[in-house]
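Text of protein-v1.cif, listed as mmCIF, C-alpha atoms:
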data_data
#
loop_
_atom_site.label_atom_id
_atom_site.label_comp_id
_atom_site.auth_asym_id
_atom_site.auth_seq_id
_atom_site.Cartn_x
_atom_site.Cartn_y
_atom_site.Cartn_z
CA MET O 1 1.02 9.86 -7.98
CA PRO O 2 -2.64 10.01 -6.89
CA GLU O 3 -3.62 12.90 -4.66
CA PRO O 4 -3.26 11.53 -1.11
CA VAL O 5 -6.54 10.89 0.69
CA THR O 6 -4.93 10.32 4.10
CA GLU O 7 -2.64 12.32 6.37
CA GLN O 8 -0.06 9.53 6.18
CA GLY O 9 -0.17 9.61 2.39
CA GLU O 10 0.97 13.24 2.36
CA HIS O 11 4.34 12.19 3.80
CA THR O 12 4.68 9.47 1.16
CA LEU O 13 3.96 12.00 -1.58
CA ASP O 14 6.57 14.41 -0.13
CA LEU O 15 9.18 11.63 -0.15
CA TRP O 16 8.31 10.69 -3.72
CA GLN O 17 8.50 14.27 -4.97
CA GLY O 18 11.72 14.96 -3.08
CA ALA O 19 13.36 11.86 -4.55
CA TRP O 20 12.39 12.90 -8.08
CA ILE O 21 13.63 16.46 -7.56
CA ALA O 22 17.01 15.19 -6.28
CA ALA O 23 17.26 12.74 -9.16
CA LEU O 24 16.42 15.44 -11.74
CA VAL O 25 18.96 17.85 -10.24
CA THR O 26 21.62 15.14 -10.42
CA GLY O 27 20.62 14.35 -13.99
CA VAL O 28 20.77 17.99 -15.08
CA VAL O 29 24.28 18.38 -13.61
CA VAL O 30 25.50 15.18 -15.29
CA TRP O 31 23.89 16.05 -18.64
CA GLY O 32 25.32 19.57 -18.44
CA LEU O 33 28.84 18.27 -17.83
CA ILE O 34 28.52 15.78 -20.69
CA PHE O 35 27.41 18.41 -23.21
CA TRP O 36 29.98 20.94 -21.95
CA VAL O 37 32.80 18.43 -22.43
CA VAL O 38 31.49 17.45 -25.87
CA VAL O 39 31.46 21.07 -27.01
CA ARG O 40 34.51 22.40 -25.14
CA TYR O 41 36.88 19.53 -25.89
CA ARG O 42 35.66 18.42 -29.29
CA ARG O 43 38.30 17.23 -31.73
CA ARG O 44 39.55 19.85 -34.21
CA SER O 45 41.50 19.28 -37.40
CA ASP O 46 44.66 20.92 -36.06
CA ASP O 47 44.50 19.36 -32.58
CA GLU O 48 47.05 16.90 -31.38
CA ILE O 49 45.86 13.86 -29.41
CA PRO O 50 45.90 14.93 -25.74
CA VAL O 51 47.88 13.15 -23.10
CA GLN O 52 46.02 9.98 -22.05
CA THR O 53 45.46 9.80 -18.28
CA ARG O 54 44.88 6.41 -16.74
CA TYR O 55 43.26 7.67 -13.57
CA ASN O 56 42.49 10.80 -11.60
CA LEU O 57 42.51 10.06 -7.88
CA PRO O 58 40.55 13.15 -6.69
CA LEU O 59 37.89 12.56 -9.36
CA GLU O 60 37.58 8.88 -8.52
CA ILE O 61 37.21 9.67 -4.82
CA PHE O 62 34.50 12.20 -5.65
CA TYR O 63 32.40 9.89 -7.83
CA THR O 64 32.68 7.18 -5.18
CA VAL O 65 31.86 9.31 -2.14
CA ALA O 66 29.11 11.43 -3.76
CA PRO O 67 26.81 8.48 -4.67
CA ILE O 68 27.34 6.96 -1.21
CA MET O 69 26.27 10.23 0.42
CA MET O 70 23.21 10.40 -1.84
CA VAL O 71 22.18 6.85 -0.91
CA ILE O 72 22.62 7.65 2.80
CA VAL O 73 20.36 10.72 2.48
CA PHE O 74 17.73 8.79 0.52
CA PHE O 75 17.82 5.95 3.05
CA ALA O 76 17.50 8.31 6.04
CA GLN O 77 14.53 10.12 4.50
CA THR O 78 12.86 6.81 3.61
CA VAL O 79 13.21 5.50 7.17
CA ARG O 80 11.87 8.78 8.57
CA VAL O 81 8.76 8.65 6.39
CA GLN O 82 8.31 4.93 7.03
CA ASN O 83 8.30 5.55 10.79
CA ILE O 84 5.64 8.24 10.36
CA VAL O 85 3.43 6.22 8.02
CA LEU O 86 3.63 3.03 10.11
CA ASP O 87 3.35 4.74 13.50
CA GLU O 88 0.74 3.00 15.67
CA ASP O 89 1.47 4.67 18.99
CA THR O 90 -1.69 6.77 18.68
CA PRO O 91 -4.73 4.71 19.74
CA PRO O 92 -7.09 4.32 16.78
CA ASP O 93 -10.70 5.44 16.85
CA GLN O 94 -11.76 2.13 15.31
CA THR O 95 -10.17 -1.10 14.17
CA ILE O 96 -11.22 -3.03 11.07
CA GLY O 97 -10.05 -6.58 10.55
CA VAL O 98 -9.23 -7.23 6.89
CA VAL O 99 -9.25 -10.85 5.70
CA GLY O 100 -7.80 -11.60 2.29
CA PHE O 101 -8.86 -14.98 0.96
CA GLN O 102 -8.93 -16.68 -2.43
CA TRP O 103 -10.41 -14.69 -4.07
CA SER O 104 -12.00 -11.71 -2.34
CA TRP O 105 -12.01 -9.69 0.88
CA ALA O 106 -13.87 -9.72 4.19
CA PHE O 107 -14.04 -6.79 6.62
CA ASN O 108 -14.70 -7.08 10.39
CA TYR O 109 -15.94 -4.00 12.27
CA ALA O 110 -15.75 -3.92 16.09
CA LEU O 111 -18.85 -2.70 17.94
CA ASP O 112 -19.24 -1.09 21.36
CA ASP O 113 -15.84 0.56 21.46
CA GLU O 114 -16.16 1.91 25.00
CA ASN O 115 -12.47 2.69 25.52
CA GLY O 116 -12.06 4.53 22.24
CA ASP O 117 -9.16 2.29 21.23
CA GLY O 118 -10.88 0.50 18.38
CA VAL O 119 -11.33 -2.72 20.41
CA SER O 120 -14.79 -4.08 21.11
CA GLU O 121 -15.50 -4.37 24.83
CA THR O 122 -18.29 -6.92 24.37
CA ASP O 123 -16.72 -9.05 21.60
CA ARG O 124 -19.32 -7.96 19.11
CA TYR O 125 -18.43 -7.58 15.46
CA VAL O 126 -20.20 -7.11 12.17
CA TRP O 127 -18.78 -8.22 8.85
CA GLU O 128 -18.98 -7.70 5.12
CA ALA O 129 -17.47 -10.06 2.53
CA GLY O 130 -17.10 -10.25 -1.21
CA THR O 131 -17.92 -13.12 -3.53
CA ALA O 132 -17.02 -14.19 -7.06
CA GLY O 133 -19.69 -11.88 -8.42
CA TYR O 134 -19.81 -9.19 -5.72
CA ILE O 135 -17.17 -6.55 -4.98
CA PRO O 136 -17.35 -5.61 -1.26
CA THR O 137 -17.21 -2.05 0.02
CA LEU O 138 -15.06 -0.97 2.96
CA TYR O 139 -16.47 1.95 4.98
CA VAL O 140 -14.07 4.30 6.79
CA PRO O 141 -15.03 7.47 8.71
CA GLU O 142 -13.47 10.77 7.71
CA GLY O 143 -11.21 12.61 10.14
CA SER O 144 -10.63 9.72 12.54
CA THR O 145 -7.86 7.14 12.74
CA THR O 146 -8.64 3.61 11.53
CA ARG O 147 -6.36 0.65 12.07
CA PHE O 148 -6.42 -2.20 9.56
CA GLU O 149 -5.45 -5.58 11.01
CA LEU O 150 -4.56 -7.91 8.14
CA SER O 151 -4.88 -11.69 8.04
CA SER O 152 -5.14 -14.48 5.47
CA PRO O 153 -6.28 -18.12 5.81
CA ASP O 154 -4.62 -19.36 2.63
CA VAL O 155 -1.86 -17.57 0.66
CA ILE O 156 -0.11 -14.21 0.63
CA HIS O 157 -2.26 -11.32 -0.57
CA ASP O 158 -1.56 -7.59 -0.55
CA PHE O 159 -4.07 -5.01 0.70
CA GLY O 160 -3.76 -1.61 -0.94
CA VAL O 161 -5.70 1.51 -1.84
CA PRO O 162 -3.92 3.77 -4.36
CA GLY O 163 -5.51 6.88 -2.87
CA PHE O 164 -4.09 6.00 0.57
CA LEU O 165 -0.56 5.77 -0.90
CA ILE O 166 0.15 2.65 1.14
CA LYS O 167 -0.18 -1.10 0.68
CA MET O 168 0.85 -4.02 2.87
CA ASP O 169 1.23 -7.78 2.50
CA VAL O 170 -1.44 -10.01 4.06
CA ILE O 171 0.55 -13.05 5.17
CA PRO O 172 -0.83 -16.26 6.72
CA GLY O 173 0.38 -16.62 10.30
CA ARG O 174 1.63 -13.03 10.56
CA ASP O 175 -0.21 -10.08 12.11
CA ASN O 176 0.40 -7.05 9.90
CA SER O 177 -1.36 -3.75 10.47
CA PHE O 178 -1.27 -0.05 9.66
CA GLN O 179 -3.30 3.05 10.43
CA VAL O 180 -4.74 5.79 8.25
CA THR O 181 -6.54 9.05 8.91
CA PRO O 182 -8.69 9.97 5.88
CA LYS O 183 -9.02 13.68 5.30
CA ARG O 184 -11.37 13.72 2.33
CA LEU O 185 -14.78 12.22 1.59
CA GLY O 186 -15.24 10.10 -1.49
CA GLU O 187 -15.19 6.68 -3.11
CA PHE O 188 -11.89 5.01 -3.91
CA ALA O 189 -10.78 1.73 -5.47
CA GLY O 190 -8.72 -0.95 -3.74
CA LYS O 191 -7.23 -4.24 -4.87
CA CYS O 192 -4.80 -7.05 -4.15
CA TYR O 193 -1.26 -6.25 -5.28
CA GLU O 194 0.10 -9.79 -4.89
CA LEU O 195 -0.42 -12.48 -7.54
CA CYS O 196 -2.30 -14.95 -5.36
CA GLY O 197 -3.82 -17.51 -7.71
CA THR O 198 -6.07 -18.11 -10.68
CA TYR O 199 -8.68 -15.49 -9.83
CA HIS O 200 -6.33 -12.84 -8.47
CA SER O 201 -7.99 -10.28 -10.77
CA ARG O 202 -11.26 -10.69 -8.84
CA MET O 203 -9.74 -9.39 -5.62
CA LEU O 204 -11.14 -5.89 -5.88
CA PHE O 205 -12.93 -3.78 -3.30
CA ASN O 206 -14.30 -0.27 -2.98
CA VAL O 207 -13.62 2.19 -0.18
CA GLN O 208 -16.16 4.74 1.00
CA VAL O 209 -14.81 7.55 3.18
CA VAL O 210 -17.93 8.92 4.87
CA PRO O 211 -18.90 11.16 7.83
CA GLN O 212 -18.92 9.48 11.24
CA GLU O 213 -22.72 9.49 11.37
CA GLU O 214 -22.97 7.63 8.06
CA TYR O 215 -20.32 5.16 9.20
CA ASP O 216 -22.28 4.38 12.38
CA ALA O 217 -25.47 4.02 10.35
CA TYR O 218 -23.74 1.56 8.01
CA LEU O 219 -22.66 -0.63 10.93
CA GLN O 220 -26.26 -0.65 12.13
CA THR O 221 -27.42 -1.88 8.71
CA LEU O 222 -25.00 -4.80 9.04
CA VAL O 223 -26.44 -5.57 12.48
CA ASP O 224 -29.97 -5.46 11.06
CA ALA O 225 -28.89 -7.77 8.22
CA GLY O 226 -27.76 -10.44 10.70
CA ARG O 227 -24.05 -9.91 10.12
CA GLU O 228 -23.20 -9.79 13.85
CA THR O 229 -20.74 -12.29 15.37
CA ASP O 230 -19.03 -12.85 18.70
CA ALA O 231 -15.57 -12.87 17.12
CA PRO O 232 -14.06 -11.49 13.92
CA ILE O 233 -14.25 -13.89 11.00
CA THR O 234 -10.78 -14.98 10.00
CA GLY O 235 -11.16 -18.35 8.30
CA GLY O 236 -11.68 -18.90 4.62
CA GLU O 237 -14.25 -21.65 5.13
CA PHE O 238 -16.52 -19.36 7.17
CA VAL O 239 -16.24 -16.68 4.53
CA ARG O 240 -16.96 -19.15 1.72
CA THR O 241 -20.00 -20.55 3.54
CA GLN O 242 -21.51 -17.30 4.79
CA ALA O 243 -20.70 -15.05 1.86
CA GLY O 244 -21.11 -17.60 -0.91
CA ALA O 245 -17.57 -17.23 -2.19
CA PRO O 246 -16.60 -19.78 -4.87
CA THR O 247 -15.34 -23.16 -3.72
CA ASP O 248 -13.05 -25.43 -5.68
CA GLU O 249 -16.07 -27.49 -6.77
CA THR O 250 -18.09 -24.51 -8.03
CA GLU O 251 -15.06 -23.07 -9.82
CA GLY O 252 -14.56 -26.40 -11.60
CA ALA O 253 -18.23 -26.56 -12.52
CA ALA O 254 -18.12 -23.00 -13.85
CA GLU O 255 -15.17 -23.85 -16.05
#

Represent the structure contained in this file as C-alpha cells.
Amino acid sequence: MPEPVTEQGEHTLDLWQGAWIAALVTGVVVWGLIFWVVVRYRRRSDDEIPVQTRYNLPLEIFYTVAPIMMVIVFFAQTVRVQNIVLDEDTPPDQTIGVVGFQWSWAFNYALDDENGDGVSETDRYVWEAGTAGYIPTLYVPEGSTTRFELSSPDVIHDFGVPGFLIKMDVIPGRDNSFQVTPKRLGEFAGKCYELCGTYHSRMLFNVQVVPQEEYDAYLQTLVDAGRETDAPITGGEFVRTQAGAPTDETEGAAE
C-alpha cells in the first residue's frame, strides 16, 4: 500500500494491515495443523487402517461458527473505517467540484468563502480542465479539509488518487462526494479507475498538495487567466469548448 498522504488514508491503511495480520494468523494456524497431522498421523508399515468417522459434530460446529465470527469482525471493522473515511459532518475549508468527462477532468474552485464552509458566497468560481494532450493539475492545500463534489455529464468514471487511499465513482445524475485532509506536501498521481470508453487511458491528472499561501496564489492565477465563472462548470460541452477537449469529429479526423 502507498504511504497515506491524508488523515483519512491512515485509517484505511490500518484496516488493510489488520486484515492481513488476521489472515496470516489464520493461515499459520491452519498450515500448522495440516503439517502436524501429516507428521503425527502418517501411515506406518505396521499400522492398521483407523476407524473411519463420517462426521464429528463438535468439529463441524467449530468450523462453521469460527468463519462466521471472523466475517462479522471484518465487516464491523470495515463499516467503522468507512464511517470515518466518508464522514462529512465537519465543515470543509474548501470545496472543489470535480467533473469527469470523456476523456479528462475539470476542477471547479469556489472563491470568496466567507463562511469557511467551502461554499462561495458570491457564486464565483475558477476552473481548470484537461484536454487530449494536456494532463490537468489539481491543487489542494496542506493541513485543511477539502471536499470533492463529483459529477459527470456522460458516463460513469471513477476519481481516485492512490496516495489518498480512496477512490469514488463519478456517476451521471448522482451527487457523490468525500473529504480529505492532506498531511504532507508533494506531487501525486491520480486517474480514472472505471473503464469509460475508448480513451479511458487519457484520464490522468496530477495532484499538488501545497501550503495555503501557494494554493491561494494558484487560484489568483486562474482568475488572471480569465478562468472565472458565475457557476461551476458541469457540462461536457462547456468543457470541450473552453478547454479544447477532443470532440467526436476531431477524434475521427485524428484516426

inquiry  = Neighbouring residues of O:Val140 were defined as those with any atom within 8 Å, considering only C-alpha atoms; residues of the same chain fewer than 3 positions away were excluded. Please report them as number ranges by chain.
reply    = O: 146, 182, 207-210, 215

key: Selection dump of the PyMOL selection byres ((chain O and resi 152) around 6), as an MDAnalysis selection string   = chainID O and resid 99:101 151 153:154 170:172

Evaluate the PyMOL selection byres ((chain O and resi 226) around 12) here and jot the selected residues down as a short mmCIF file (atom, residue, chain, number, x, y, z; two decimals) with C-alpha atoms, in the coordinates of the input.
data_model
loop_
_atom_site.label_atom_id
_atom_site.label_comp_id
_atom_site.auth_asym_id
_atom_site.auth_seq_id
_atom_site.Cartn_x
_atom_site.Cartn_y
_atom_site.Cartn_z
CA TYR O 125 -18.43 -7.58 15.46
CA VAL O 126 -20.20 -7.11 12.17
CA TRP O 127 -18.78 -8.22 8.85
CA GLU O 128 -18.98 -7.70 5.12
CA LEU O 219 -22.66 -0.63 10.93
CA GLN O 220 -26.26 -0.65 12.13
CA THR O 221 -27.42 -1.88 8.71
CA LEU O 222 -25.00 -4.80 9.04
CA VAL O 223 -26.44 -5.57 12.48
CA ASP O 224 -29.97 -5.46 11.06
CA ALA O 225 -28.89 -7.77 8.22
CA ARG O 227 -24.05 -9.91 10.12
CA GLU O 228 -23.20 -9.79 13.85
CA THR O 229 -20.74 -12.29 15.37
CA GLN O 242 -21.51 -17.30 4.79
#

task = Work out how far apart atom CA of O:Ala189 and atom CA of O:Val161 are and give it in Å to one decimal.
result = 6.2 Å

query = Could you state the separation of atom CA of O:Pro67 and atom CA of O:Tyr41 in Å, given to one decimal place?
reply =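 Going from atom CA of O:Pro67 over to atom CA of O:Tyr41 covers 26.0 Å.
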
remark   = O:Gly190 proximity check over O:Val39, O:Phe148, O:Phe178, O:Trp105, using only C-alpha atoms: winner is O:Trp105

Could you write out as JSON the box around stretch 136-144 of chain O (axis-aligned, all atoms listed in the file, 5 Å on each side), with centre and edge lengths in Å to one decimal?
{"center_x": -14.0, "center_y": 3.5, "center_z": 5.6, "size_x": 16.7, "size_y": 28.2, "size_z": 23.8}

Kindly resolve the PyMOL selection byres ((chain O and resi 230) around 6) on the present coordinates and return the residues as a PDB file with C-alpha atoms, in the frame of the given file.
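Below you can see part-v8.pdb, which holds the result:
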ATOM      1  CA  ASP O 123     -16.720  -9.050  21.600  1.00  0.00           C
ATOM      2  CA  ARG O 124     -19.320  -7.960  19.110  1.00  0.00           C
ATOM      3  CA  THR O 229     -20.740 -12.290  15.370  1.00  0.00           C
ATOM      4  CA  ALA O 231     -15.570 -12.870  17.120  1.00  0.00           C
TER       5      ALA O 231
END

If you take only C-alpha atoms and a cut-off of 9 Å, which residues of stretch 150-190 of chain O touch stretch 72-92 of chain O, and what are their nearest atom pairs and distances in Å to one decimal, in chain and number order, as CSV?
residue,atom,partner,partner_atom,distance
O:Ile166,CA,O:Val85,CA,8.4
O:Ser177,CA,O:Leu86,CA,8.4
O:Phe178,CA,O:Leu86,CA,5.8
O:Gln179,CA,O:Glu88,CA,6.6
O:Val180,CA,O:Val85,CA,8.2

Written selection (C-alpha atoms) as a PDB file, in the frame of the given file:
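Wrote it out as again-v2.pdb, contents follow:
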ATOM      1  CA  ILE O 166       0.150   2.650   1.140  1.00  0.00           C
ATOM      2  CA  SER O 177      -1.360  -3.750  10.470  1.00  0.00           C
ATOM      3  CA  PHE O 178      -1.270  -0.050   9.660  1.00  0.00           C
ATOM      4  CA  GLN O 179      -3.300   3.050  10.430  1.00  0.00           C
ATOM      5  CA  VAL O 180      -4.740   5.790   8.250  1.00  0.00           C
TER       6      VAL O 180
END
